[in-house]
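Peer 1: Mind having a look at this structure? Questions to follow.
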Amino acid sequence: MALEWRPREESSPKKLVASPWDDEAPLAGVTSQASCAASRPKCSKKSSSLVTPKKGDSKFGSATADNSTPNGQLRSFTDLPATLLSEILQRLDADELGVVSCVSPLLNSIASDHCGWKGFYCERWGSPPGVDVPAGPGFRDQRFWKELFVEREFRSKSFMGRFSIDVLHGHTEAVRAVFLLQTAKLIFTGGYDSVIRMWDMEEGLSVAVSRPLGCTIRAIAADSELLVAGGTDAFLQCWRAIKGHPHLFDIAGFSLNHNPSFRLWGHEGPVTCLALDSTRIYSGSWDMSVRVWDRAHCKCLKILRHEDWVWSLAPRHGTVASTAGRDAYVWDTDSGCLRTVIHNSHVGNAYSLTRSRLGDLLFTGGEDGAIHMFEIGHNCNVEDVKPSATWVPHTGAVHSLSFEFPWVVSSSSDGRVALIDVRKLLKSGRSQSPRQHSKTRFSASDAVEAPRRMLHGFGCNLFSVDIGADRIVCGGEEGIVRIWNFSQALEIAKRVEALRSVRLENRMRRRKAHIKMGGNGARSDQCSVAAKRNQLNGEHTGIWHSKRNMNSCGKLKA
């Protein structure tokens with residue numbers, strides 16, 4: 001009866017050629033009985049009866065028609081054109097692409113060489129220092145970006161491990177601003193003593209001290225080419241990097257052949273915040289304005305007027321976010337137009353602000369001790385933006401915020417530093433669209449999240465904080481700069497885990513040995529030896545001791 005079944009012969013090759021990808025193609029290496037039968041037409045009668053489908057089995061017929069070509073060759077996911085395959089992988093995020101690489105060696109090679117790993121890395125942490133590798137389809141060094149991404153993702157877990165604290169003494173008064181330049185391994189600090197101090201990040205030693213600027217230093221920003229400081233005298237003090245200088249900047253003014261320092265005037269009040277990008281300088285002031293400066297020509301390009309004192313700012317990808325009073329703003333830097341306003345973001349002044357690398361996540365800290373996370377789209381012109389998540393880790397005002405994926409670090413007037421991990425929130429609210437963060441919605445009961453870690457035991461009024469790949473720098477009213485070093489946290493965790501596994505293994509060995517030694521034979525031998533000893537002690541004592549030993553043996557048996 002199996003040879004009389006004819007619907008299999010009615011499948012037309014023309015239909016297969018016209019629509020080869022109508023249904024979902026199987027994975028590589030997965031074959032069906034029907035496809036094996038189609039590729040072996042000259043099989044025995046018995047074997048053909050095994051692969052013959054039952055009458056009315058539509059799934060079998062569709063699998064036979066859709067999973068094989070007219071030549072009898074099987075199709076798989078990897079048989080797709082290279083451009084289509086790259087487009088499919090482009091729709092996945094980093095975690096999903098990592099799962100694909102674990103399916104088979106072939107998919108591992110394809111996923112590891114995918115050109116999206118550089119984008120994943122730069123979206124989270126920016127361009128790595130000293131690395132300029134072009135990204136393109138089929139480029140052989142794309143595997144390098146995957147390794148770099150995995151290594152940095154692994155290092156981000158170090159902030160939950162053990163740390164050491166370095167205390168830097170040198171300022172005579174309170175420290176108002178700290179900045180960590182990770183690429184050059186330098187730390188810049190300033191405060192009420194009106195000088196800029198440069199520190200070596202690894203050694204914790206003072207490298208250079210600037211001349212007194214005559215005012216309180218309230219903001220510092222730097223990159224590998226420019227150092228900018230601002231204070232209460234309304235000017236911006238700038239230093240250009242010197243080629244061949246061991247510490248990039250000559251803030252002490254010892255170089256005679258170069259004049260790397262200059263000043264920018266324009267504000268009418270104290271400068272409270274600074275930021276840099278590749279072409280511009282951003283400065284905010286208590287004159288209720290944010291000024292955008294051209295780095296090459298040292299000229300003011302735009303003035304963004306606010307309705308209150310400007311406390312903080314953060315530029316990203318053609319936009320600059322700022323806080324003034326209790327409101328937060330997002331401006332277009334090219335046109336100077338206001339794109340988004342967040343009214344009453346805090347109860348009291350919004351002192352601090354930071355953003356993610358893409359600029360879609362905006363974090364604000366205020367006088368009420370709360371930290372809010374807002375999701376800002378690239379084309380967002382909405383004025384009623386609501387916080388996606390809220391943390392209340394402090395009992396005092398949040399003076400400073402800094403972000404290094406996935407950690408938000410904050411310093412407060414209560415003398416504590418809080419670390420917040422946003423990775424969980426982003427995963428829970430991930431959308432179906434590729435490589436985009438969705439709108440993370442929380443109910444009223446879930447609106448307040450708990451911080452991941454708190455650093456205690458310091459004086460009050462921590463004014464400024466910054467975070468790097470494995471370090472946190474903070475300064476406050478005590479005039480002391482503290483560095484939390486997490487660089488050895490992962491290695492310490494590995495050693496602790498190895499010792500823990502060794503102790504567990506030894507414990508299991510001792511338990512097995514104890515079970516063997518504590519068998520029934522050993523117990524009976526102990527009772528017999530005790531009875532023989534009691535017989536040598538006399539009749540009365542022997543009877544009393546024998547009863548005692550019998551009772552102990554009974555307890556052992558019980």
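Starting from 1 in every chain, residues are counted up; chains themselves are A, B, ... following the order of the structure tokens, and ligands are numbered from 1 as listed.
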Quick one: residues within 6 Å of Trp286 of chain A, only C-alpha atoms counted, chain neighbours fewer than 5 positions away excluded, as a list in words?

Peer 2: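 What passes the distance filter is Gly269, Pro270, Trp309 and Val310 of chain A.
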
Peer 1: Give me the residues within 12 Å of segment 291-304 of chain A as a ChimeraX atom specification, counting only C-alpha atoms and dropping any in the same chain fewer than 4 places off.

Peer 2: /A:225-228,234-240,262-268,271-287,308,310,313-315,318-324,329-338

Peer 1: Do you have the atom CA of Cys102 of chain A-atom CA of Leu84 of chain A distance handy?

Peer 2: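 Separating atom CA of Cys102 of chain A from atom CA of Leu84 of chain A is a distance of 20.5 Å.
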
Peer 1: Run DSSP on the backbone and give me the residues of segment 443-526 of chain A it puts in alpha helix (DSSP H), as a ChimeraX atom specification.

Peer 2: /A:489-517,520-526

Peer 1: Record the distance separating atom CA of Lys185 of chain A and atom CA of His245 of chain A, expressed in Å with one decimal.

Peer 2: 14.0 Å

Peer 1: What does the structure give for the distance between atom CA of Glu153 of chain A and atom CA of Cys474 of chain A, in Å to one decimal?

Peer 2: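 Computing the Euclidean distance for atom CA of Glu153 of chain A and atom CA of Cys474 of chain A yields 23.7 Å.
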
Peer 1: Which one is closest to Ala469 of chain A: A:Glu151, A:Glu173, A:Glu203, A:Asp193? Count only C-alpha atoms.

Peer 2: A:Glu151

Peer 1: Env of Ala370 of chain A: 12 Å cut, atoms = only C-alpha atoms, seq-sep filter 2 positions within chain, self excluded. Answer as a VMD selection string.

Peer 2: chain A and resid 345 to 353 363 to 368 372 to 373 387 389 to 401 410 to 412 418 447 to 451

Peer 1: Using only C-alpha atoms, pick whichever of A:Arg471, A:Glu375, A:Gly476, A:Glu505 has the shortest atom-to-atom distance to Phe163 of chain A.

Peer 2: A:Arg471

Peer 1: So that I can check the surroundings of Arg176 of chain A, please list as a list in words every protein, DNA and RNA residue that reaches within 6 Å of it, counting only C-alpha atoms and ignoring chain neighbours fewer than 4 positions away.

Peer 2: Gly191, Arg218 and Phe463 of chain A

Peer 1: Identify which of the residues A:Ile371, A:Leu89, A:Ala208, A:Val417 lies closest to Gly253 of chain A, counting only C-alpha atoms when measuring atom-to-atom distances.

Peer 2: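 Of A:Ile371, A:Leu89, A:Ala208, A:Val417, the one nearest Gly253 of chain A is A:Ala208, counting only C-alpha atoms.
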